[in-house]
>>> print(open('upload.cif').read())   # mmCIF, C-alpha atoms
data_query
loop_
_atom_site.label_atom_id
_atom_site.label_comp_id
_atom_site.auth_asym_id
_atom_site.auth_seq_id
_atom_site.Cartn_x
_atom_site.Cartn_y
_atom_site.Cartn_z
CA MET A 1 32.14 15.69 4.46
CA SER A 2 29.05 17.53 5.75
CA HIS A 3 26.80 15.94 8.33
CA LEU A 4 23.06 15.77 7.99
CA PRO A 5 21.38 18.05 10.55
CA VAL A 6 19.05 16.52 13.13
CA ARG A 7 16.16 18.67 11.85
CA LEU A 8 15.55 18.95 8.11
CA THR A 9 13.67 21.55 6.11
CA ILE A 10 11.05 20.30 3.70
CA GLY A 11 13.47 21.05 0.85
CA GLN A 12 16.26 19.02 2.46
CA LEU A 13 13.88 16.15 3.17
CA SER A 14 12.60 16.23 -0.40
CA GLU A 15 16.11 16.28 -1.83
CA ARG A 16 17.37 13.45 0.40
CA SER A 17 14.29 11.23 -0.08
CA GLY A 18 13.53 11.98 -3.73
CA ILE A 19 9.91 12.67 -2.76
CA ALA A 20 8.21 15.85 -3.94
CA ARG A 21 7.40 18.53 -1.38
CA THR A 22 3.71 18.31 -2.23
CA THR A 23 3.78 14.60 -1.43
CA LEU A 24 5.56 15.28 1.86
CA ARG A 25 2.83 17.76 2.81
CA PHE A 26 0.20 15.19 1.81
CA TYR A 27 1.86 12.53 3.97
CA GLU A 28 1.99 14.97 6.87
CA ASP A 29 -1.70 15.82 6.44
CA ARG A 30 -2.47 12.07 6.56
CA GLY A 31 -0.38 11.51 9.71
CA LEU A 32 2.26 9.38 8.01
CA ILE A 33 5.09 11.78 8.87
CA PHE A 34 5.36 14.60 11.38
CA ALA A 35 6.96 18.02 11.41
CA GLU A 36 7.70 20.47 14.13
CA ARG A 37 7.11 24.13 13.41
CA THR A 38 9.58 26.93 13.91
CA SER A 39 8.56 30.30 15.33
CA GLY A 40 8.17 31.37 11.70
CA ASN A 41 5.81 28.39 11.10
CA GLN A 42 8.31 26.56 8.89
CA ARG A 43 8.32 22.78 8.90
CA ARG A 44 11.25 20.91 10.45
CA TYR A 45 11.40 17.13 10.14
CA HIS A 46 13.46 14.88 12.36
CA ARG A 47 16.17 13.04 10.44
CA ASN A 48 14.52 9.65 11.18
CA THR A 49 11.65 10.74 8.90
CA LEU A 50 13.87 9.53 6.06
CA ARG A 51 13.43 5.95 7.34
CA ARG A 52 9.66 6.39 7.50
CA LEU A 53 9.65 7.67 3.94
CA ALA A 54 11.71 4.73 2.73
CA PHE A 55 9.24 2.40 4.45
CA ILE A 56 6.24 4.22 2.93
CA SER A 57 7.75 4.06 -0.57
CA THR A 58 8.57 0.38 -0.28
CA ALA A 59 5.15 -0.49 1.11
CA GLN A 60 3.46 1.38 -1.73
CA ARG A 61 5.59 -0.44 -4.30
CA VAL A 62 4.27 -3.78 -3.07
CA GLY A 63 0.71 -2.51 -3.30
CA LEU A 64 -0.19 -1.62 0.27
CA SER A 65 -2.63 1.24 0.73
CA LEU A 66 -1.82 4.42 2.61
CA GLY A 67 -4.41 3.33 5.19
CA GLN A 68 -2.54 0.08 5.82
CA ILE A 69 0.74 1.95 5.96
CA HIS A 70 -0.69 4.46 8.43
CA GLN A 71 -1.96 1.68 10.72
CA ALA A 72 1.44 0.04 10.70
CA LEU A 73 3.34 3.25 11.35
CA GLU A 74 1.09 3.97 14.34
CA THR A 75 2.62 0.93 16.05
CA LEU A 76 6.04 2.58 16.10
CA PRO A 77 7.14 4.47 19.22
CA ASP A 78 6.61 8.24 19.31
CA ASN A 79 9.24 9.00 21.93
CA ARG A 80 12.30 7.52 20.22
CA THR A 81 13.77 6.51 16.88
CA PRO A 82 12.43 3.07 15.90
CA THR A 83 14.91 0.23 16.32
CA VAL A 84 15.58 -2.71 14.04
CA SER A 85 13.31 -4.86 16.21
CA ASP A 86 10.51 -2.25 15.92
CA TRP A 87 10.74 -2.38 12.14
CA ALA A 88 10.94 -6.20 12.15
CA ARG A 89 7.81 -6.45 14.30
CA LEU A 90 5.99 -4.06 12.00
CA SER A 91 6.96 -5.93 8.83
CA GLU A 92 6.01 -9.29 10.37
CA GLN A 93 2.42 -8.03 10.62
CA TRP A 94 2.31 -7.89 6.83
CA ARG A 95 3.89 -11.26 6.09
CA THR A 96 0.57 -13.03 5.45
CA GLU A 97 -0.78 -10.15 3.37
CA LEU A 98 2.37 -10.06 1.26
CA ASP A 99 2.45 -13.85 0.84
CA THR A 100 -1.16 -13.71 -0.38
CA ARG A 101 -0.30 -10.97 -2.87
CA ILE A 102 2.76 -12.87 -4.10
CA ASP A 103 0.63 -15.98 -4.64
CA ALA A 104 -1.99 -13.97 -6.55
CA LEU A 105 0.68 -12.37 -8.75
CA GLN A 106 2.25 -15.76 -9.50
CA ARG A 107 -1.16 -17.19 -10.47
CA LEU A 108 -1.79 -14.15 -12.68
CA ARG A 109 1.60 -14.60 -14.34
CA ASP A 110 0.91 -18.28 -15.00
CA ARG A 111 -2.56 -17.58 -16.41
CA LEU A 112 -1.24 -14.80 -18.64
CA THR A 113 1.19 -17.27 -20.18
CA SER A 114 -1.67 -19.62 -21.08
CA CYS A 115 -3.76 -16.76 -22.49
CA ILE A 116 -1.30 -15.61 -25.11
CA GLY A 117 -3.00 -16.36 -28.39
CA CYS A 118 -6.08 -17.78 -26.62
CA GLY A 119 -8.49 -15.54 -28.51
CA CYS A 120 -11.45 -16.44 -26.28
CA LEU A 121 -12.68 -12.83 -26.25
CA SER A 122 -15.22 -13.83 -23.63
CA LEU A 123 -15.58 -12.21 -20.23
CA LYS A 124 -17.81 -15.13 -19.20
CA ASP A 125 -15.15 -17.76 -19.91
CA CYS A 126 -11.93 -15.77 -19.46
CA HIS A 127 -9.76 -17.26 -16.73
CA LEU A 128 -8.24 -13.86 -15.99
CA ASN A 129 -11.46 -11.87 -15.60
CA ASN A 130 -13.73 -14.60 -14.31
CA GLY A 131 -11.41 -17.34 -13.13
CA ASP A 132 -12.81 -17.93 -9.66
CA ASP A 133 -16.43 -16.87 -10.22
CA GLU A 134 -18.40 -19.81 -8.89
CA LEU A 135 -21.73 -18.04 -9.46
CA ALA A 136 -21.17 -17.56 -13.20
CA ALA A 137 -23.10 -20.74 -13.96
CA MET A 138 -26.19 -19.19 -12.33
CA GLY A 139 -26.43 -16.48 -14.99
CA PRO A 140 -25.82 -12.74 -15.24
CA GLY A 141 -26.53 -10.17 -12.57
CA ALA A 142 -26.49 -10.89 -8.85
CA PRO A 143 -27.78 -14.46 -8.69
CA GLY A 144 -27.28 -14.62 -4.93
CA LEU A 145 -29.88 -11.88 -4.52
CA LYS A 146 -32.51 -13.38 -6.85
CA PRO A 147 -35.64 -14.86 -5.22
CA ALA A 148 -35.41 -18.56 -4.44
CA ARG A 149 -38.76 -19.27 -6.08
CA GLU A 150 -40.96 -17.72 -8.76
CA GLY A 151 -42.99 -14.81 -7.39
CA GLY A 152 -40.90 -14.61 -4.21
CA ILE A 153 -39.70 -11.41 -2.66
#
>>> encode(input="upload.cif", output="structure tokens")
Amino acid sequence: MSHLPVRLTIGQLSERSGIARTTLRFYEDRGLIFAERTSGNQRRYHRNTLRRLAFISTAQRVGLSLGQIHQALETLPDNRTPTVSDWARLSEQWRTELDTRIDALQRLRDRLTSCIGCGCLSLKDCHLNNGDDELAAMGPGAPGLKPAREGGI
């Protein structure tokens, strides 16, 4: 059984993670992962980059932006491999965000069920497209920006 080296080439990292080399370079350009350079200017990634990539992939699957992922990854230590408690602390920061997204997806699922065969064909009345629009009764456009009285600014 061969052991994984401490430093991985971009090809090894791509093969192990299932992430394309172009994506790895993109993540590196965005500061999500880091590579050291050899004297020949070849990238070498620390083996713990695989954990970061797994985290990035999972976070993207639940709909978090690369900006949010970057902010979270910046809270991890630079001088050592993150521990279980480091990862737990990081994921706890997203608990509220994820709970909010789960709630929104469940509401969407429930509304989709009631829309099957609805046939309303109306963006004004559709509960999916305009479900929480409290200003809809005030007419089209940006009613909050309309003058309060006739002839006003």
>>> atom_distance(input="upload.cif", atom1="atom CA of A:Gln60", atom2="atom CA of A:Val6")
26.3 Å
>>> atom_distance(input="upload.cif", atom1="atom CA of A:Leu53", atom2="atom CA of A:Arg7")
15.0 Å
>>> atom_distance(input="upload.cif", atom1="atom CA of A:Arg43", atom2="atom CA of A:Thr9")
6.2 Å
>>> closest_residue(input="upload.cif", among="A:Gln106, A:Gln12, A:Thr75, A:Thr83", to="A:Leu32", atoms="only C-alpha atoms")
A:Thr75
>>> resolve_selection(input="upload.cif", expression="the PyMOL selection byres ((chain A and resi 84-101) around 9)", output="PyMOL selection string")
chain A and resi 62-64+72-73+75-77+82-83+102-106
>>> residues_near_point(input="upload.cif", point="(15.4, 16.6, 11.1)", cutoff="12 Å", atoms="all atoms listed in the file", output="list in words")
His3, Leu4, Pro5, Val6, Arg7, Leu8, Thr9, Ile10, Gly11, Gln12, Leu13, Ser14, Arg16, Ile33, Phe34, Ala35, Glu36, Arg37, Arg43, Arg44, Tyr45, His46, Arg47, Asn48, Thr49, Leu50, Arg51 and Thr81 of chain A
>>> closest_residue(input="upload.cif", among="A:Arg107, A:Arg80, A:His70, A:Arg61", to="A:Tyr27", atoms="all atoms listed in the file")
A:His70
>>> closest_residue(input="upload.cif", among="A:Ser17, A:Gly31, A:Thr22, A:Thr58", to="A:Glu74", atoms="only C-alpha atoms")
A:Gly31
>>> decode(input="upload.cif", residues="stretch 56-82 of chain A", atoms="N, CA and C atoms", output="PDB file, in the first residue's frame")
ATOM      1  N   ILE A  56     -14.831  22.980   0.910  1.00  0.00           N
ATOM      2  CA  ILE A  56     -15.287  23.899  -0.137  1.00  0.00           C
ATOM      3  C   ILE A  56     -16.403  23.253  -0.956  1.00  0.00           C
ATOM      4  N   SER A  57     -16.205  22.014  -1.364  1.00  0.00           N
ATOM      5  CA  SER A  57     -17.217  21.315  -2.174  1.00  0.00           C
ATOM      6  C   SER A  57     -18.534  21.164  -1.428  1.00  0.00           C
ATOM      7  N   THR A  58     -18.451  20.798  -0.167  1.00  0.00           N
ATOM      8  CA  THR A  58     -19.661  20.628   0.634  1.00  0.00           C
ATOM      9  C   THR A  58     -20.371  21.960   0.826  1.00  0.00           C
ATOM     10  N   ALA A  59     -19.619  22.992   1.131  1.00  0.00           N
ATOM     11  CA  ALA A  59     -20.216  24.317   1.338  1.00  0.00           C
ATOM     12  C   ALA A  59     -20.886  24.816   0.061  1.00  0.00           C
ATOM     13  N   GLN A  60     -20.276  24.569  -1.075  1.00  0.00           N
ATOM     14  CA  GLN A  60     -20.890  24.975  -2.336  1.00  0.00           C
ATOM     15  C   GLN A  60     -22.179  24.195  -2.601  1.00  0.00           C
ATOM     16  N   ARG A  61     -22.188  22.920  -2.253  1.00  0.00           N
ATOM     17  CA  ARG A  61     -23.388  22.106  -2.473  1.00  0.00           C
ATOM     18  C   ARG A  61     -24.580  22.616  -1.677  1.00  0.00           C
ATOM     19  N   VAL A  62     -24.341  23.217  -0.525  1.00  0.00           N
ATOM     20  CA  VAL A  62     -25.462  23.749   0.253  1.00  0.00           C
ATOM     21  C   VAL A  62     -25.741  25.204  -0.091  1.00  0.00           C
ATOM     22  N   GLY A  63     -25.067  25.721  -1.118  1.00  0.00           N
ATOM     23  CA  GLY A  63     -25.411  27.035  -1.631  1.00  0.00           C
ATOM     24  C   GLY A  63     -24.622  28.203  -1.085  1.00  0.00           C
ATOM     25  N   LEU A  64     -23.541  27.960  -0.384  1.00  0.00           N
ATOM     26  CA  LEU A  64     -22.747  29.068   0.130  1.00  0.00           C
ATOM     27  C   LEU A  64     -21.834  29.598  -0.973  1.00  0.00           C
ATOM     28  N   SER A  65     -21.639  30.899  -0.969  1.00  0.00           N
ATOM     29  CA  SER A  65     -20.818  31.528  -2.002  1.00  0.00           C
ATOM     30  C   SER A  65     -19.333  31.326  -1.706  1.00  0.00           C
ATOM     31  N   LEU A  66     -18.517  31.505  -2.722  1.00  0.00           N
ATOM     32  CA  LEU A  66     -17.073  31.402  -2.509  1.00  0.00           C
ATOM     33  C   LEU A  66     -16.589  32.487  -1.556  1.00  0.00           C
ATOM     34  N   GLY A  67     -17.235  33.633  -1.557  1.00  0.00           N
ATOM     35  CA  GLY A  67     -16.882  34.692  -0.605  1.00  0.00           C
ATOM     36  C   GLY A  67     -17.128  34.253   0.835  1.00  0.00           C
ATOM     37  N   GLN A  68     -18.267  33.633   1.083  1.00  0.00           N
ATOM     38  CA  GLN A  68     -18.566  33.128   2.427  1.00  0.00           C
ATOM     39  C   GLN A  68     -17.595  32.028   2.825  1.00  0.00           C
ATOM     40  N   ILE A  69     -17.278  31.174   1.868  1.00  0.00           N
ATOM     41  CA  ILE A  69     -16.347  30.082   2.135  1.00  0.00           C
ATOM     42  C   ILE A  69     -14.964  30.643   2.451  1.00  0.00           C
ATOM     43  N   HIS A  70     -14.540  31.637   1.697  1.00  0.00           N
ATOM     44  CA  HIS A  70     -13.233  32.262   1.922  1.00  0.00           C
ATOM     45  C   HIS A  70     -13.162  32.873   3.323  1.00  0.00           C
ATOM     46  N   GLN A  71     -14.202  33.601   3.710  1.00  0.00           N
ATOM     47  CA  GLN A  71     -14.225  34.206   5.054  1.00  0.00           C
ATOM     48  C   GLN A  71     -14.103  33.140   6.133  1.00  0.00           C
ATOM     49  N   ALA A  72     -14.798  32.052   5.958  1.00  0.00           N
ATOM     50  CA  ALA A  72     -14.750  30.987   6.956  1.00  0.00           C
ATOM     51  C   ALA A  72     -13.369  30.345   7.002  1.00  0.00           C
ATOM     52  N   LEU A  73     -12.801  30.071   5.848  1.00  0.00           N
ATOM     53  CA  LEU A  73     -11.490  29.424   5.815  1.00  0.00           C
ATOM     54  C   LEU A  73     -10.398  30.316   6.403  1.00  0.00           C
ATOM     55  N   GLU A  74     -10.589  31.629   6.345  1.00  0.00           N
ATOM     56  CA  GLU A  74      -9.604  32.537   6.933  1.00  0.00           C
ATOM     57  C   GLU A  74      -9.541  32.419   8.454  1.00  0.00           C
ATOM     58  N   THR A  75     -10.555  31.817   9.061  1.00  0.00           N
ATOM     59  CA  THR A  75     -10.541  31.657  10.518  1.00  0.00           C
ATOM     60  C   THR A  75      -9.729  30.444  10.956  1.00  0.00           C
ATOM     61  N   LEU A  76      -9.316  29.623   9.999  1.00  0.00           N
ATOM     62  CA  LEU A  76      -8.511  28.447  10.339  1.00  0.00           C
ATOM     63  C   LEU A  76      -7.052  28.845  10.541  1.00  0.00           C
ATOM     64  N   PRO A  77      -6.334  28.097  11.360  1.00  0.00           N
ATOM     65  CA  PRO A  77      -4.929  28.446  11.627  1.00  0.00           C
ATOM     66  C   PRO A  77      -4.045  28.215  10.399  1.00  0.00           C
ATOM     67  N   ASP A  78      -3.065  29.111  10.226  1.00  0.00           N
ATOM     68  CA  ASP A  78      -2.123  28.982   9.116  1.00  0.00           C
ATOM     69  C   ASP A  78      -0.952  28.079   9.475  1.00  0.00           C
ATOM     70  N   ASN A  79      -0.611  28.022  10.753  1.00  0.00           N
ATOM     71  CA  ASN A  79       0.632  27.379  11.162  1.00  0.00           C
ATOM     72  C   ASN A  79       0.498  25.892  11.502  1.00  0.00           C
ATOM     73  N   ARG A  80      -0.714  25.336  11.347  1.00  0.00           N
ATOM     74  CA  ARG A  80      -0.883  23.919  11.658  1.00  0.00           C
ATOM     75  C   ARG A  80      -2.107  23.380  10.930  1.00  0.00           C
ATOM     76  N   THR A  81      -2.202  22.060  10.869  1.00  0.00           N
ATOM     77  CA  THR A  81      -3.372  21.421  10.285  1.00  0.00           C
ATOM     78  C   THR A  81      -4.569  21.659  11.201  1.00  0.00           C
ATOM     79  N   PRO A  82      -5.695  22.114  10.643  1.00  0.00           N
ATOM     80  CA  PRO A  82      -6.877  22.349  11.480  1.00  0.00           C
ATOM     81  C   PRO A  82      -7.316  21.076  12.206  1.00  0.00           C
TER      82      PRO A  82
END
